[in-house]
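**Student:** Below is the file final-v5.tsv, with TSV, C-alpha atoms.
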chain	number	residue	atom	x	y	z
A	28	MET	CA	-37.77	99.45	54.71
A	29	LYS	CA	-41.26	98.76	56.01
A	30	ILE	CA	-41.93	99.94	59.55
A	31	VAL	CA	-44.77	99.93	62.05
A	32	TYR	CA	-44.98	102.86	64.48
A	33	PHE	CA	-47.02	102.52	67.69
A	34	ASP	CA	-48.34	105.90	68.82
A	35	CYS	CA	-49.08	105.29	72.53
A	36	PHE	CA	-50.59	108.71	73.30
A	37	SER	CA	-53.27	106.92	75.35
A	38	GLY	CA	-51.31	103.87	76.44
A	39	ILE	CA	-51.60	100.34	75.08
A	40	SER	CA	-53.47	97.14	75.90
A	41	GLY	CA	-53.96	93.82	74.16
A	42	ASP	CA	-57.37	94.60	72.73
A	43	MET	CA	-56.23	98.04	71.56
A	44	THR	CA	-53.31	96.39	69.74
A	45	LEU	CA	-55.57	93.93	67.94
A	46	GLY	CA	-58.03	96.67	67.03
A	47	ALA	CA	-55.32	98.91	65.60
A	48	PHE	CA	-53.80	96.12	63.49
A	49	LEU	CA	-57.25	95.17	62.18
A	50	ASP	CA	-57.98	98.83	61.42
A	51	CYS	CA	-54.77	98.89	59.37
A	52	GLY	CA	-56.04	96.05	57.22
A	53	VAL	CA	-54.98	92.82	58.90
A	54	SER	CA	-57.67	90.28	57.97
A	55	ALA	CA	-60.14	89.48	60.74
A	56	GLU	CA	-60.76	86.10	59.14
A	57	THR	CA	-57.05	85.31	59.13
A	58	LEU	CA	-56.79	86.29	62.79
A	59	ARG	CA	-59.73	84.06	63.72
A	60	GLN	CA	-58.38	81.11	61.70
A	61	GLU	CA	-54.93	81.38	63.23
A	62	LEU	CA	-56.32	81.65	66.76
A	63	GLU	CA	-58.25	78.43	66.20
A	64	LYS	CA	-54.87	76.67	66.00
A	65	LEU	CA	-54.46	77.28	69.74
A	66	GLY	CA	-57.16	74.73	70.46
A	67	LEU	CA	-58.47	77.07	73.16
A	68	PRO	CA	-62.26	76.72	73.57
A	69	GLY	CA	-64.74	79.09	75.12
A	70	PHE	CA	-64.25	82.42	73.35
A	71	HIS	CA	-65.07	84.39	70.25
A	72	LEU	CA	-63.90	87.75	68.87
A	73	GLU	CA	-66.28	90.69	68.67
A	74	ILE	CA	-64.86	93.00	66.00
A	75	GLU	CA	-66.65	96.13	64.89
A	76	LYS	CA	-66.02	99.52	63.38
A	77	ALA	CA	-66.71	102.22	65.94
A	78	LYS	CA	-66.47	105.98	66.37
A	79	LYS	CA	-65.09	107.87	69.37
A	80	ARG	CA	-64.64	111.63	69.61
A	81	GLY	CA	-65.51	111.80	65.93
A	82	ILE	CA	-62.69	109.39	65.00
A	83	THR	CA	-63.44	106.08	63.28
A	84	GLY	CA	-61.50	103.04	64.39
A	85	THR	CA	-61.88	99.37	65.29
A	86	SER	CA	-62.93	97.74	68.51
A	87	CYS	CA	-61.82	94.14	69.13
A	88	ARG	CA	-63.14	92.36	72.22
A	89	VAL	CA	-62.51	88.81	73.35
A	90	ALA	CA	-65.88	87.52	74.55
A	91	ALA	CA	-66.00	84.44	76.79
A	92	ASP	CA	-68.54	81.77	75.87
A	93	ARG	CA	-68.33	80.44	79.42
A	94	GLU	CA	-67.08	81.68	82.75
A	95	GLU	CA	-63.60	80.54	83.66
A	96	HIS	CA	-62.40	80.24	87.25
A	97	SER	CA	-59.09	78.40	86.92
A	98	HIS	CA	-55.70	80.11	87.07
A	99	ARG	CA	-52.80	79.13	84.85
A	100	HIS	CA	-49.08	78.89	85.44
A	101	PHE	CA	-46.60	80.09	82.83
A	102	ALA	CA	-45.55	76.47	82.23
A	103	GLU	CA	-49.11	75.54	81.23
A	104	ILE	CA	-49.44	78.50	78.89
A	105	ARG	CA	-46.06	77.74	77.33
A	106	GLU	CA	-47.12	74.15	76.71
A	107	MET	CA	-50.43	75.24	75.15
A	108	ILE	CA	-48.72	77.60	72.71
A	109	GLY	CA	-45.85	75.20	72.00
A	110	ASN	CA	-48.20	72.33	71.15
A	111	SER	CA	-50.44	74.49	68.94
A	112	GLY	CA	-50.52	74.48	65.16
A	113	LEU	CA	-49.29	78.08	64.95
A	114	ASP	CA	-46.29	78.91	62.79
A	115	ALA	CA	-42.97	78.74	64.62
A	116	PRO	CA	-42.22	82.51	64.44
A	117	VAL	CA	-45.67	83.32	65.89
A	118	LYS	CA	-45.12	80.83	68.72
A	119	GLU	CA	-41.72	82.33	69.46
A	120	THR	CA	-43.09	85.88	69.62
A	121	ALA	CA	-46.11	84.93	71.75
A	122	LEU	CA	-43.95	82.97	74.20
A	123	ALA	CA	-41.47	85.85	74.45
A	124	ILE	CA	-44.32	88.27	75.29
A	125	PHE	CA	-45.68	85.92	77.96
A	126	GLY	CA	-42.16	85.40	79.25
A	127	ARG	CA	-41.80	89.13	79.88
A	128	VAL	CA	-44.99	89.12	81.96
A	129	ALA	CA	-43.91	86.01	83.89
A	130	GLN	CA	-40.50	87.51	84.68
A	131	ALA	CA	-42.05	90.79	85.85
A	132	GLU	CA	-44.79	89.17	87.94
A	133	GLY	CA	-42.24	86.81	89.46
A	134	LYS	CA	-39.94	89.65	90.46
A	135	VAL	CA	-42.77	91.74	91.90
A	136	HIS	CA	-44.21	88.86	93.94
A	137	GLY	CA	-40.98	87.09	94.81
A	138	LEU	CA	-41.62	83.92	92.81
A	139	PRO	CA	-39.77	82.06	90.04
A	140	PRO	CA	-41.47	82.74	86.67
A	141	GLU	CA	-42.62	79.11	86.34
A	142	LYS	CA	-44.54	79.40	89.62
A	143	VAL	CA	-46.36	82.61	88.77
A	144	HIS	CA	-50.14	82.25	88.85
A	145	PHE	CA	-51.62	84.19	85.96
A	146	HIS	CA	-54.90	85.73	87.03
A	147	GLU	CA	-55.90	88.41	84.53
A	148	VAL	CA	-53.10	87.35	82.17
A	149	GLY	CA	-54.03	83.68	82.47
A	150	ALA	CA	-57.60	84.39	81.47
A	151	VAL	CA	-58.72	83.47	77.99
A	152	ASP	CA	-58.91	87.06	76.82
A	153	SER	CA	-55.27	87.82	77.61
A	154	ILE	CA	-54.03	84.60	76.01
A	155	VAL	CA	-55.94	85.55	72.88
A	156	ASP	CA	-54.67	89.15	73.04
A	157	ILE	CA	-51.02	88.09	73.26
A	158	VAL	CA	-51.17	85.33	70.67
A	159	GLY	CA	-53.34	87.54	68.46
A	160	ALA	CA	-50.81	90.37	68.66
A	161	ALA	CA	-48.08	87.96	67.57
A	162	ILE	CA	-50.23	86.77	64.66
A	163	CYS	CA	-50.96	90.34	63.54
A	164	ALA	CA	-47.35	91.48	63.88
A	165	HIS	CA	-46.11	88.68	61.63
A	166	ALA	CA	-49.00	89.19	59.18
A	167	VAL	CA	-47.89	92.80	58.66
A	168	ALA	CA	-44.37	91.56	57.84
A	169	ALA	CA	-42.60	94.79	58.79
A	170	ASP	CA	-38.84	95.10	58.92
A	171	LYS	CA	-38.92	97.13	62.12
A	172	PHE	CA	-41.35	98.17	64.86
A	173	LEU	CA	-40.94	101.52	66.62
A	174	ALA	CA	-42.96	103.31	69.26
A	175	SER	CA	-43.52	106.70	70.84
A	176	ALA	CA	-43.18	107.67	74.48
A	177	VAL	CA	-45.86	105.89	76.53
A	178	ASN	CA	-48.76	107.52	78.38
A	179	THR	CA	-49.20	105.19	81.37
A	180	GLY	CA	-52.15	106.94	82.96
A	181	GLN	CA	-52.19	107.78	86.66
A	182	GLY	CA	-54.03	107.06	89.89
A	183	ILE	CA	-54.95	103.56	91.06
A	184	VAL	CA	-56.15	100.29	89.55
A	185	GLU	CA	-58.10	97.41	91.11
A	186	CYS	CA	-56.75	93.95	90.20
A	187	ALA	CA	-56.46	90.42	91.59
A	188	HIS	CA	-53.88	91.58	94.15
A	189	GLY	CA	-55.98	94.51	95.40
A	190	VAL	CA	-55.76	98.25	94.82
A	191	LEU	CA	-52.40	99.20	93.30
A	192	PRO	CA	-50.79	102.36	91.90
A	193	VAL	CA	-50.70	103.16	88.18
A	194	PRO	CA	-48.67	102.00	86.40
A	195	ALA	CA	-49.28	98.67	88.11
A	196	PRO	CA	-46.10	97.10	89.56
A	197	ALA	CA	-45.85	94.41	86.86
A	198	THR	CA	-46.39	96.99	84.12
A	199	ALA	CA	-43.69	99.23	85.58
A	200	GLU	CA	-41.30	96.29	85.83
A	201	ILE	CA	-41.93	95.22	82.22
A	202	LEU	CA	-41.19	98.72	80.92
A	203	ALA	CA	-38.15	99.27	83.15
A	204	GLY	CA	-34.93	99.12	81.20
A	205	THR	CA	-36.62	99.18	77.80
A	206	GLY	CA	-35.66	102.77	77.05
A	207	PHE	CA	-39.27	103.93	76.57
A	208	GLU	CA	-40.03	107.32	78.07
A	209	LEU	CA	-43.07	107.17	80.38
A	210	TYR	CA	-45.43	110.00	81.25
A	211	ALA	CA	-48.97	110.53	82.56
A	212	ARG	CA	-51.34	113.02	80.97
A	213	CYS	CA	-55.11	113.31	80.49
A	214	ALA	CA	-55.71	109.68	81.54
A	215	GLU	CA	-57.01	109.02	85.05
A	216	GLY	CA	-56.64	105.28	85.55
A	217	GLU	CA	-54.70	102.42	83.96
A	218	ALA	CA	-53.78	103.30	80.38
A	219	VAL	CA	-51.11	100.60	79.99
A	220	THR	CA	-51.88	97.02	81.02
A	221	PRO	CA	-49.21	94.38	81.71
A	222	THR	CA	-50.26	92.65	78.49
A	223	GLY	CA	-49.94	95.86	76.48
A	224	ALA	CA	-46.59	96.69	78.07
A	225	ALA	CA	-45.20	93.23	77.24
A	226	ILE	CA	-46.43	93.41	73.64
A	227	LEU	CA	-44.81	96.81	73.21
A	228	ALA	CA	-41.55	95.82	74.92
A	229	GLU	CA	-41.17	92.65	72.83
A	230	LEU	CA	-42.15	94.04	69.44
A	231	ALA	CA	-40.94	97.63	69.39
A	232	SER	CA	-38.02	99.93	70.11
A	233	PRO	CA	-38.20	103.58	71.25
A	234	ALA	CA	-38.29	105.87	68.24
A	235	GLY	CA	-37.07	109.04	69.93
A	236	GLY	CA	-39.75	111.06	68.14
A	237	PHE	CA	-41.97	110.48	65.14
A	238	PRO	CA	-39.86	108.81	62.43
A	239	ALA	CA	-39.49	110.38	59.00
A	240	MET	CA	-41.63	107.96	56.99
A	241	ARG	CA	-43.96	107.69	54.02
A	242	VAL	CA	-47.22	106.64	55.65
A	243	ASP	CA	-49.33	104.05	53.84
A	244	LYS	CA	-51.88	103.17	56.53
A	245	VAL	CA	-53.14	104.57	59.83
A	246	GLY	CA	-55.28	102.54	62.22
A	247	TYR	CA	-57.00	103.18	65.55
A	248	GLY	CA	-57.69	100.45	68.10
A	249	PHE	CA	-60.14	101.57	70.77
A	250	GLY	CA	-59.89	100.78	74.48
A	251	GLU	CA	-62.88	100.29	76.74
A	252	ARG	CA	-62.18	103.07	79.25
A	253	GLU	CA	-63.02	106.72	78.73
A	254	PHE	CA	-60.25	109.23	79.40
A	255	GLU	CA	-59.92	112.95	78.84
A	256	VAL	CA	-57.77	112.01	75.84
A	257	LEU	CA	-59.14	109.72	73.13
A	258	ASN	CA	-58.56	106.17	74.42
A	259	ALA	CA	-56.98	104.52	71.41
A	260	LEU	CA	-53.74	103.05	70.18
A	261	ARG	CA	-52.76	104.53	66.83
A	262	ILE	CA	-50.58	102.54	64.44
A	263	PHE	CA	-48.81	103.94	61.39
A	264	ILE	CA	-47.51	101.58	58.71
A	265	GLY	CA	-45.20	102.92	56.05
A	266	GLU	CA	-41.78	103.08	54.47
A	267	VAL	CA	-38.47	104.66	55.43
A	268	ASP	CA	-35.29	104.86	53.41
A	269	GLY	CA	-33.17	103.51	56.25
A	270	LEU	CA	-32.77	103.46	60.02
Please rewrite the model in this file as C-alpha cells.
**Tutor:**
Amino acid sequence: MKIVYFDCFSGISGDMTLGAFLDCGVSAETLRQELEKLGLPGFHLEIEKAKKRGITGTSCRVAADREEHSHRHFAEIREMIGNSGLDAPVKETALAIFGRVAQAEGKVHGLPPEKVHFHEVGAVDSIVDIVGAAICAHAVAADKFLASAVNTGQGIVECAHGVLPVPAPATAEILAGTGFELYARCAEGEAVTPTGAAILAELASPAGGFPAMRVDKVGYGFGEREFEVLNALRIFIGEVDGL
C-alpha cells in the first residue's frame, strides 16, 4: 500500500504543502498546466530549490501579476472550480477543502457558509494553494494519507479580522474533531494557516506516531516565516504492508 505521511513538526500551510509535494517529485510543469484549467488570471508560480538550516527543500510561492481588491463568497469559488477543466476527483477534493474553511469561518463569524466572505482565503494565492494541493495529492496516487501531531505555533496573528490568538479561530475550528493532537513548541506565531489546516483535515488521518513504512521519497516544503524550529512541512512517501 502506498502512503503519504505529513510530518507537521512546524505546522502546515498551502505553500508549504505545494513545496513539499514538488520536492517529492511532483512535476512543476504538470502543476502549472493543471492550474491553467481554472481559468484564473493574474498569477504565476515561483518555484525554486532553497536551503534553510543546512537542509535543502523547495519553496513554492504564488505571485500575483496584479493587485486584487475584491472578496469572494464560497458560492463564487465553488462555481469557478466546478466550471473548470480540472478532472472530477481534483474538483471534488478542492471543493471539499474549501468547504471545510467555509464551514469553520461561518461558525466562527455566525454566518451560513454560502455567505462567508473569503478575505485571505478568497485571494488568488489561497485558491491556487488549495486547488494545487488537490492536484498534487491526486498526482501522487497514494492509497492513504497520514499525518503526525500538529505544531500550531503560539502567540498572536494579524489578519483581516484584526489581531487574533494562535491558532486562529477558523484554524482551531477546522482541526476540532479531526483527532489530530495539537501542540505548540519552538514556533512563535502562526504555524498552521486555515488553508493548511483544511488541506490536512481533508486529505489525512492521524497516524498516532510515525508509521512503519519503507520510505521511497522525502520532501521539504519551506514556509516564509522564521521560527526557532526549521519552518518546513516534511512529506514521506513510501510503502506499508497494510494498515
**Student:** So that I can check the surroundings of region 45-50 of chain A, please list as a PyMOL selection string every protein, DNA and RNA residue that reaches within 12 Å of it, counting only C-alpha atoms and ignoring chain neighbours fewer than 6 positions away.
**Tutor:** chain A and resi 31-35+39+56-59+72-77+83-89+152-153+155-168+222-223+226+244-251+258-264
**Student:** Considering only C-alpha atoms, state which residue in the set A:Gly180, A:Gly81, A:Gly52, A:Gly109 is at the smallest distance from Arg212 (chain A).
**Tutor:**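 When distances to Arg212 (chain A) are compared using only C-alpha atoms, the smallest one comes from A:Gly180.
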**Student:** Between region 75-157 of chain A and region 197-202 of chain A, at 7 Å or less, what are the per-residue closest atom pairs and their distances in Å? Count all atoms listed in the file, order by chain and rising residue number, and return it as a tab-separated table.
**Tutor:**
residue	atom	partner	partner_atom	distance
A:Arg127	CA	A:Ile201	CA	6.5
A:Val128	CA	A:Ile201	CA	6.8
A:Ala131	CA	A:Ala197	CA	5.3
A:Glu132	CA	A:Ala197	CA	5.5
A:Val135	CA	A:Ala197	CA	6.5
**Student:** Which residues, protein or nucleic acid, reach to within 8 Å of (-48.8, 109.2, 81.8) in the file's coordinates when using all atoms listed in the file, and can you give that as a ChimeraX atom specification?
**Tutor:** /A:38,177-181,209-214,218
**Student:** Output the selection as a CSV table (one decimal), in the frame of the given file - C-alpha atoms for each residue.
**Tutor:**
chain,number,residue,atom,x,y,z
A,38,GLY,CA,-51.3,103.9,76.4
A,177,VAL,CA,-45.9,105.9,76.5
A,178,ASN,CA,-48.8,107.5,78.4
A,179,THR,CA,-49.2,105.2,81.4
A,180,GLY,CA,-52.2,106.9,83.0
A,181,GLN,CA,-52.2,107.8,86.7
A,209,LEU,CA,-43.1,107.2,80.4
A,210,TYR,CA,-45.4,110.0,81.2
A,211,ALA,CA,-49.0,110.5,82.6
A,212,ARG,CA,-51.3,113.0,81.0
A,213,CYS,CA,-55.1,113.3,80.5
A,214,ALA,CA,-55.7,109.7,81.5
A,218,ALA,CA,-53.8,103.3,80.4
**Student:** Between A:Val53, A:Ala174, A:Cys186, A:Val193, which is the closest to Ala228 (chain A) once you count only C-alpha atoms?
**Tutor:**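 Selected residue with least distance to Ala228 (chain A): A:Ala174.
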**Student:** Nearest residue to Gly66 (chain A) out of A:Ala176, A:Cys51, A:Leu122, A:Val151, using only C-alpha atoms?
**Tutor:** A:Val151
**Student:** Within 9 Å of Ser232 (chain A), counting all atoms listed in the file, which residues qualify if same-chain residues fewer than 5 places away don't, as a compact mmCIF listing (two decimals) with C-alpha atoms, in the coordinates of the input?
**Tutor:**
# COMPACT_ATOMS: atom_id res chain seq x y z
CA LYS A 171 -38.92 97.13 62.12
CA PHE A 172 -41.35 98.17 64.86
CA LEU A 173 -40.94 101.52 66.62
CA ALA A 174 -42.96 103.31 69.26
CA SER A 175 -43.52 106.70 70.84
CA THR A 205 -36.62 99.18 77.80
CA GLY A 206 -35.66 102.77 77.05
CA PHE A 207 -39.27 103.93 76.57
CA LEU A 227 -44.81 96.81 73.21
**Student:** Which distance in Å separates CA of Ala234 (chain A) and CA of Thr44 (chain A), to one decimal?
**Tutor:**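 It comes out at 17.8 Å.
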**Student:** Looking at A:Ala225, A:Leu62, A:Ala169, A:Ala187, which one is nearest to Met28 (chain A), with distances taken over all atoms listed in the file?
**Tutor:**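 Nearest candidate to Met28 (chain A) out of A:Ala225, A:Leu62, A:Ala169, A:Ala187: A:Ala169.
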**Student:** Please determine, counting all atoms listed in the file, which residue among A:Gln130, A:Lys142, A:Lys64, A:Glu253 has the shortest atom-to-atom distance to Ile108 (chain A).
**Tutor:**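 When distances to Ile108 (chain A) are compared using all atoms listed in the file, the smallest one comes from A:Lys64.
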**Student:** I need the residue nearest Ala90 (chain A) from this list: A:Glu106, A:Gly235, A:Glu215, A:His71. Use only C-alpha atoms for the distance.
**Tutor:**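 Distance minimum relative to Ala90 (chain A) lands on A:His71.
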